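Coordinates as given in run-v6.txt (compact mmCIF, C-alpha atoms):
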# COMPACT_ATOMS: atom_id res chain seq x y z
CA MET A 1 1.82 26.52 26.77
CA ILE A 2 0.02 29.49 25.17
CA LEU A 3 1.15 31.60 28.11
CA PHE A 4 4.79 30.62 27.47
CA ILE A 5 4.48 31.30 23.74
CA ALA A 6 3.02 34.72 24.59
CA VAL A 7 5.98 35.44 26.89
CA VAL A 8 8.45 34.37 24.17
CA VAL A 9 6.77 36.56 21.53
CA PHE A 10 5.95 39.64 23.62
CA ALA A 11 9.12 39.76 25.71
CA GLY A 12 11.16 39.26 22.54
CA THR A 13 9.31 42.02 20.72
CA ALA A 14 9.56 44.39 23.70
CA GLY A 15 13.30 43.64 23.85
CA ASP A 16 13.79 44.47 20.17
CA LEU A 17 11.75 47.66 20.57
CA SER A 18 13.80 48.79 23.60
CA VAL A 19 17.12 48.10 21.89
CA SER A 20 15.92 49.85 18.74
CA HIS A 21 14.76 52.85 20.80
CA ALA A 22 18.18 53.08 22.45
CA MET A 23 19.99 53.00 19.09
CA LYS A 24 17.66 55.58 17.55
CA LYS A 25 18.53 57.88 20.46
CA ILE A 26 22.25 57.39 19.78
CA GLY A 27 21.66 58.48 16.19
CA HIS A 28 22.98 57.52 12.78
CA VAL A 29 26.44 55.89 13.01
CA GLU A 30 28.18 57.23 9.91
CA THR A 31 31.41 55.23 9.79
CA LEU A 32 32.20 51.61 10.46
CA ARG A 33 35.82 52.10 11.55
CA PRO A 34 36.69 49.84 14.52
CA THR A 35 37.43 52.80 16.81
CA SER A 36 34.10 54.48 16.09
CA ILE A 37 32.23 51.17 16.48
CA TRP A 38 33.94 50.76 19.85
CA ASN A 39 32.95 54.30 20.92
CA VAL A 40 29.34 53.81 19.83
CA MET A 41 29.15 50.52 21.75
CA LEU A 42 30.56 52.18 24.89
CA ARG A 43 27.84 54.85 24.59
CA ALA A 44 25.12 52.27 23.84
CA PHE A 45 26.00 50.15 26.86
CA ARG A 46 25.57 53.16 29.11
CA MET A 47 21.91 53.50 28.08
CA GLY A 48 19.18 52.12 30.32
CA TRP A 49 16.97 51.13 27.38
CA LEU A 50 19.66 48.85 25.97
CA TRP A 51 19.90 46.91 29.24
CA ILE A 52 16.11 46.71 29.54
CA GLY A 53 16.08 45.34 26.00
CA ILE A 54 18.80 42.76 26.73
CA GLY A 55 16.94 41.68 29.90
CA LEU A 56 13.69 41.19 27.96
CA MET A 57 15.49 39.29 25.19
CA ALA A 58 17.04 37.00 27.82
CA LEU A 59 13.61 36.41 29.37
CA SER A 60 12.24 35.52 25.92
CA PHE A 61 15.21 33.22 25.20
CA PHE A 62 14.98 31.30 28.47
CA SER A 63 11.19 30.93 28.14
CA LEU A 64 11.80 29.47 24.68
CA LEU A 65 14.36 27.02 26.10
CA ALA A 66 11.96 26.01 28.88
CA LEU A 67 9.13 25.59 26.37
CA LEU A 68 11.28 23.49 24.02
CA SER A 69 12.13 21.10 26.85
CA TRP A 70 8.51 19.87 26.99
CA ALA A 71 6.49 21.23 24.08
CA ASP A 72 6.51 20.16 20.44
CA VAL A 73 9.11 22.04 18.35
CA SER A 74 6.85 21.97 15.29
CA ILE A 75 4.24 24.01 17.16
CA VAL A 76 6.49 26.29 19.21
CA VAL A 77 8.88 27.53 16.52
CA PRO A 78 6.20 28.38 13.91
CA ALA A 79 4.22 30.22 16.60
CA THR A 80 7.22 32.42 17.40
CA ALA A 81 7.16 33.65 13.77
CA LEU A 82 4.30 35.84 15.02
CA SER A 83 6.95 38.14 16.48
CA TYR A 84 7.53 39.61 12.97
CA VAL A 85 3.96 40.94 13.09
CA THR A 86 4.07 42.13 16.72
CA ALA A 87 7.40 43.87 16.05
CA ALA A 88 5.93 45.73 13.07
CA PHE A 89 2.95 46.85 15.22
CA GLY A 90 5.26 47.98 18.00
CA ALA A 91 7.53 49.78 15.55
CA LYS A 92 4.53 51.63 14.09
CA TYR A 93 2.81 52.66 17.33
CA LEU A 94 5.71 52.97 19.77
CA LEU A 95 8.71 53.87 17.61
CA ARG A 96 6.59 55.92 15.16
CA GLU A 97 8.00 54.19 12.08
CA LYS A 98 5.90 54.48 8.94
CA VAL A 99 4.93 50.97 7.92
CA ALA A 100 3.79 51.32 4.31
CA PRO A 101 1.24 48.82 2.86
CA LEU A 102 4.06 47.22 0.87
CA ARG A 103 6.04 46.67 4.05
CA TRP A 104 3.00 45.18 5.84
CA ALA A 105 2.56 42.75 2.96
CA GLY A 106 6.24 41.80 3.24
CA VAL A 107 6.00 41.32 7.02
CA PHE A 108 3.01 38.98 6.68
CA LEU A 109 4.68 37.00 3.88
CA VAL A 110 7.88 36.61 5.94
CA CYS A 111 5.85 35.55 9.00
CA ALA A 112 3.96 32.92 6.98
CA GLY A 113 7.17 31.79 5.28
CA VAL A 114 9.11 31.32 8.53
CA ALA A 115 6.14 29.44 10.03
CA LEU A 116 5.91 27.12 6.99
CA LEU A 117 9.67 26.54 6.93
CA SER A 118 9.76 25.44 10.57
CA LEU A 119 6.58 23.35 10.44
CA SER A 120 8.09 20.21 8.96
CA MET B 1 22.58 61.24 -3.35
CA ARG B 2 26.03 59.68 -2.84
CA ARG B 3 25.47 59.67 0.89
CA GLU B 4 22.20 57.77 0.48
CA GLN B 5 23.95 55.20 -1.69
CA LYS B 6 26.64 54.75 0.95
CA THR B 7 24.05 54.30 3.68
CA ARG B 8 22.22 51.71 1.57
CA ASN B 9 25.43 49.76 0.99
CA ARG B 10 26.20 49.82 4.71
CA THR B 11 22.67 48.60 5.48
CA TYR B 12 23.17 45.61 3.16
CA LEU B 13 26.65 44.95 4.54
CA LEU B 14 25.41 44.86 8.14
CA LEU B 15 22.35 42.75 7.25
CA ALA B 16 24.68 40.25 5.56
CA SER B 17 26.90 40.25 8.63
CA MET B 18 23.85 39.68 10.92
CA VAL B 19 22.62 36.75 8.84
CA SER B 20 26.04 35.08 8.48
CA PHE B 21 27.21 35.47 12.06
CA SER B 22 23.92 34.42 13.67
CA SER B 23 23.80 31.17 11.65
CA LEU B 24 27.52 30.55 12.19
CA GLY B 25 27.15 31.24 15.92
CA ASN B 26 24.24 28.84 16.29
CA VAL B 27 26.05 26.08 14.39
CA LEU B 28 29.20 26.50 16.51
CA LEU B 29 27.27 26.58 19.80
CA SER B 30 25.35 23.50 18.81
CA ARG B 31 28.59 21.69 17.86
CA GLY B 32 30.21 22.75 21.13
CA MET B 33 27.29 21.58 23.27
CA LYS B 34 27.23 18.23 21.47
CA GLN B 35 30.92 17.82 22.31
CA VAL B 36 30.10 18.60 25.95
CA GLY B 37 27.47 15.87 25.81
CA GLU B 38 23.92 15.44 27.02
CA ILE B 39 23.20 16.59 30.57
CA VAL B 40 21.73 13.63 32.44
CA ASP B 41 22.90 14.25 36.02
CA PHE B 42 21.61 17.46 37.60
CA SER B 43 23.51 17.23 40.90
CA PRO B 44 25.54 20.38 41.77
CA LEU B 45 28.86 18.58 41.28
CA ALA B 46 27.88 17.26 37.85
CA LEU B 47 26.61 20.70 36.81
CA ILE B 48 29.92 22.29 37.80
CA SER B 49 31.72 19.79 35.59
CA VAL B 50 29.33 20.57 32.70
CA PHE B 51 29.94 24.29 33.23
CA SER B 52 33.71 23.94 33.18
CA LYS B 53 33.55 21.68 30.11
CA THR B 54 31.27 24.19 28.35
CA PHE B 55 33.44 27.21 29.03
CA THR B 56 36.70 25.53 28.10
CA ASN B 57 35.26 24.39 24.75
CA ALA B 58 36.68 26.25 21.74
CA SER B 59 33.52 25.90 19.63
CA VAL B 60 31.42 27.40 22.42
CA TRP B 61 33.68 30.46 22.61
CA LEU B 62 33.77 30.86 18.81
CA GLY B 63 29.98 30.58 18.84
CA ILE B 64 29.63 33.23 21.55
CA SER B 65 32.01 35.53 19.63
CA SER B 66 30.00 35.09 16.43
CA LEU B 67 26.77 35.92 18.22
CA LEU B 68 28.46 39.00 19.69
CA VAL B 69 29.42 40.16 16.17
CA PHE B 70 25.79 39.53 15.16
CA PHE B 71 24.51 41.66 18.05
CA VAL B 72 26.89 44.56 17.36
CA SER B 73 25.87 44.53 13.65
CA TYR B 74 22.22 44.53 14.73
CA LEU B 75 22.73 47.50 17.04
CA LEU B 76 24.70 49.47 14.43
CA VAL B 77 22.13 49.00 11.66
CA LEU B 78 19.32 49.96 14.06
CA SER B 79 21.06 53.30 14.67
CA TRP B 80 19.68 54.42 11.29
CA ALA B 81 17.34 51.79 9.84
CA ASP B 82 13.78 50.99 10.97
CA LEU B 83 13.18 47.95 13.18
CA SER B 84 10.22 47.13 10.90
CA TYR B 85 12.73 47.00 7.99
CA VAL B 86 15.66 45.21 9.64
CA GLN B 87 13.69 42.42 11.26
CA PRO B 88 11.82 41.05 8.24
CA ALA B 89 14.86 41.63 6.00
CA SER B 90 17.08 39.50 8.23
CA ALA B 91 14.64 36.57 7.82
CA ILE B 92 16.34 35.93 4.45
CA GLY B 93 18.80 33.91 6.57
CA TYR B 94 16.21 31.15 7.11
CA ALA B 95 15.68 30.83 3.35
CA MET B 96 19.44 30.83 2.73
CA VAL B 97 20.06 28.09 5.29
CA ALA B 98 17.38 25.91 3.62
CA LEU B 99 18.80 26.63 0.16
CA LEU B 100 22.42 25.98 1.19
CA GLY B 101 21.38 22.79 2.96
CA TYR B 102 19.76 21.65 -0.27
CA LEU B 103 22.57 22.74 -2.62
CA LEU B 104 25.65 21.88 -0.53
CA LEU B 105 24.55 19.09 1.77
CA GLY B 106 21.94 17.52 -0.49
CA GLU B 107 19.27 17.79 2.22
CA SER B 108 15.75 17.05 1.06
CA VAL B 109 13.33 19.97 1.22
CA SER B 110 9.61 19.22 1.45
CA PRO B 111 7.12 21.10 -0.80
CA MET B 112 5.83 22.96 2.26
CA ARG B 113 9.33 24.16 3.08
CA TRP B 114 9.87 25.28 -0.53
CA ILE B 115 6.69 27.35 -0.25
CA GLY B 116 8.11 28.82 2.97
CA VAL B 117 11.36 29.73 1.17
CA VAL B 118 9.41 31.40 -1.66
CA PHE B 119 7.23 33.34 0.83
CA ILE B 120 10.28 34.57 2.74
CA CYS B 121 12.09 35.68 -0.44
CA GLY B 122 8.94 37.45 -1.68
CA GLY B 123 8.38 39.11 1.70
CA VAL B 124 11.99 40.29 1.94
CA ALA B 125 11.79 41.67 -1.61
CA LEU B 126 8.65 43.65 -0.69
CA VAL B 127 10.17 45.01 2.52
CA GLY B 128 13.38 45.82 0.62
CA GLY B 129 11.31 47.93 -1.78
CA THR B 130 10.44 50.37 1.03
CA ASP B 131 12.68 53.09 2.50
CA ALA B 132 14.93 51.64 5.19
CA ARG B 133 14.39 54.71 7.31
CA THR B 134 11.11 56.53 7.94
CA THR B 135 11.93 58.43 11.13
CA ARG B 136 14.25 61.36 11.70
CA SER B 137 16.77 60.88 14.49
CA SER B 138 17.11 63.58 17.13
CA ARG B 139 20.76 64.10 16.32
CA GLU B 140 23.34 62.99 13.81
CA CYS B 141 26.77 62.00 14.99
CA GLU B 142 30.14 60.51 14.06

This structure in structure tokens:
Amino acid sequence: MILFIAVVVFAGTAGDLSVSHAMKKIGHVETLRPTSIWNVMLRAFRMGWLWIGIGLMALSFFSLLALLSWADVSIVVPATALSYVTAAFGAKYLLREKVAPLRWAGVFLVCAGVALLSLS
Amino acid sequence: MRREQKTRNRTYLLLASMVSFSSLGNVLLSRGMKQVGEIVDFSPLALISVFSKTFTNASVWLGISSLLVFFVSYLLVLSWADLSYVQPASAIGYAMVALLGYLLLGESVSPMRWIGVVFICGGVALVGGTDARTTRSSRECE
């Protein structure tokens, strides 16, 4: 079960990191007009990183479904709240984002809060 | 300065869209799958019938469309904002669902869940106090 939780958390995090990397490469989208959104999406869906990210997210999602079919929801769902922490680590070391102490504190609070909320 | 303000408003707009459409999408998908009914027979023929029932269900399609809007909003906001900002900030949705369930549907919320709601709100407030963007993108466009 721990193995499956690890797959859910790490594949999900890796998926978010890949998708985020792809969008950072595309660069700041300045307008939200439908035509420009459409053009940005066409460009995004031609990027390898986006598809890698979607693949990893799908892997994470199906592992979660498999896990939920036999494991206890009140253990599985709180455990997946760990992905807030792994995502912040990945964002800092792989995407080179600056995670300020204040942001770390927020990430840990959110992680604990989501875990508590899904416990009962 | 005006440009920064505009970017901040767009960040909030897209975060709100992510939170609303992901919850809406999940509710619609769940309603659709309940209409399809529990899968008890796993023979190929029965699975084909489940598949055709699923993909002719209006709620399922509305749910998929909502999740698509969520994903596009997520991608757009990530084009300028940090992943380590967007992800914790979007967790406010969990707190909102618990609060709305309590206020609108009269659901009971255990003390532990209230603590969870308070933690999430506090965490989101802390993350919201940091700059949404700490990296420079290689190029600016559109």

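Interatomic distance, CA of His28 (chain A) against CA of Val72 (chain B): 14.3 Å.
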
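With all atoms listed in the file as the basis for measurement, B:Met33 is the residue among B:Leu75, B:Cys121, B:Met33, B:Val97 that approaches Phe55 (chain B) most closely.
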
9 Å contacts from chain B to chain A using all atoms listed in the file, as a VMD selection string: chain B and resid 7 10 72 75 to 85 87 to 89 91 to 92 94 to 95 98 110 112 to 130 133 to 142

Dump C-alpha atoms for the selected residues as a compact mmCIF listing (two decimals), in the coordinates of the input?
# COMPACT_ATOMS: atom_id res chain seq x y z
CA THR B 7 24.05 54.30 3.68
CA ARG B 10 26.20 49.82 4.71
CA VAL B 72 26.89 44.56 17.36
CA LEU B 75 22.73 47.50 17.04
CA LEU B 76 24.70 49.47 14.43
CA VAL B 77 22.13 49.00 11.66
CA LEU B 78 19.32 49.96 14.06
CA SER B 79 21.06 53.30 14.67
CA TRP B 80 19.68 54.42 11.29
CA ALA B 81 17.34 51.79 9.84
CA ASP B 82 13.78 50.99 10.97
CA LEU B 83 13.18 47.95 13.18
CA SER B 84 10.22 47.13 10.90
CA TYR B 85 12.73 47.00 7.99
CA GLN B 87 13.69 42.42 11.26
CA PRO B 88 11.82 41.05 8.24
CA ALA B 89 14.86 41.63 6.00
CA ALA B 91 14.64 36.57 7.82
CA ILE B 92 16.34 35.93 4.45
CA TYR B 94 16.21 31.15 7.11
CA ALA B 95 15.68 30.83 3.35
CA ALA B 98 17.38 25.91 3.62
CA SER B 110 9.61 19.22 1.45
CA MET B 112 5.83 22.96 2.26
CA ARG B 113 9.33 24.16 3.08
CA TRP B 114 9.87 25.28 -0.53
CA ILE B 115 6.69 27.35 -0.25
CA GLY B 116 8.11 28.82 2.97
CA VAL B 117 11.36 29.73 1.17
CA VAL B 118 9.41 31.40 -1.66
CA PHE B 119 7.23 33.34 0.83
CA ILE B 120 10.28 34.57 2.74
CA CYS B 121 12.09 35.68 -0.44
CA GLY B 122 8.94 37.45 -1.68
CA GLY B 123 8.38 39.11 1.70
CA VAL B 124 11.99 40.29 1.94
CA ALA B 125 11.79 41.67 -1.61
CA LEU B 126 8.65 43.65 -0.69
CA VAL B 127 10.17 45.01 2.52
CA GLY B 128 13.38 45.82 0.62
CA GLY B 129 11.31 47.93 -1.78
CA THR B 130 10.44 50.37 1.03
CA ARG B 133 14.39 54.71 7.31
CA THR B 134 11.11 56.53 7.94
CA THR B 135 11.93 58.43 11.13
CA ARG B 136 14.25 61.36 11.70
CA SER B 137 16.77 60.88 14.49
CA SER B 138 17.11 63.58 17.13
CA ARG B 139 20.76 64.10 16.32
CA GLU B 140 23.34 62.99 13.81
CA CYS B 141 26.77 62.00 14.99
CA GLU B 142 30.14 60.51 14.06

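Put simply, CA of Ser90 (chain B) is 6.2 Å away from CA of Val19 (chain B).
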
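Between Arg31 (chain B) and the candidates B:Tyr12, B:Lys6, B:Ser17, B:Ser59, the tightest atom-to-atom separation, counting all atoms listed in the file, involves B:Ser59.
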
Å distance separating CA of Ser63 (chain A) from CA of Gly15 (chain A), one decimal place: 13.6 Å

Non-local contacts of region 20-29 of chain B (7 Å; all atoms listed in the file; under 2 positions in same chain excluded) as a ChimeraX atom specification: /B:16-18,31-33,59-60,62-64,66-67,69-70

Which polymer residues, whether protein, DNA or RNA, lie within 12 Å of the coordinate (12.1, 29.4, 27.7) when you count all atoms listed in the file? List them as a compact mmCIF listing (two decimals) with C-alpha atoms, keeping the file's coordinate frame, using the chain letters and numbers from the file.
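Output below, filename out_25.txt:
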# COMPACT_ATOMS: atom_id res chain seq x y z
CA MET A 1 1.82 26.52 26.77
CA LEU A 3 1.15 31.60 28.11
CA PHE A 4 4.79 30.62 27.47
CA ILE A 5 4.48 31.30 23.74
CA ALA A 6 3.02 34.72 24.59
CA VAL A 7 5.98 35.44 26.89
CA VAL A 8 8.45 34.37 24.17
CA VAL A 9 6.77 36.56 21.53
CA ALA A 11 9.12 39.76 25.71
CA GLY A 12 11.16 39.26 22.54
CA LEU A 56 13.69 41.19 27.96
CA MET A 57 15.49 39.29 25.19
CA ALA A 58 17.04 37.00 27.82
CA LEU A 59 13.61 36.41 29.37
CA SER A 60 12.24 35.52 25.92
CA PHE A 61 15.21 33.22 25.20
CA PHE A 62 14.98 31.30 28.47
CA SER A 63 11.19 30.93 28.14
CA LEU A 64 11.80 29.47 24.68
CA LEU A 65 14.36 27.02 26.10
CA ALA A 66 11.96 26.01 28.88
CA LEU A 67 9.13 25.59 26.37
CA LEU A 68 11.28 23.49 24.02
CA SER A 69 12.13 21.10 26.85
CA TRP A 70 8.51 19.87 26.99
CA ALA A 71 6.49 21.23 24.08
CA VAL A 76 6.49 26.29 19.21
CA VAL A 77 8.88 27.53 16.52
CA THR A 80 7.22 32.42 17.40
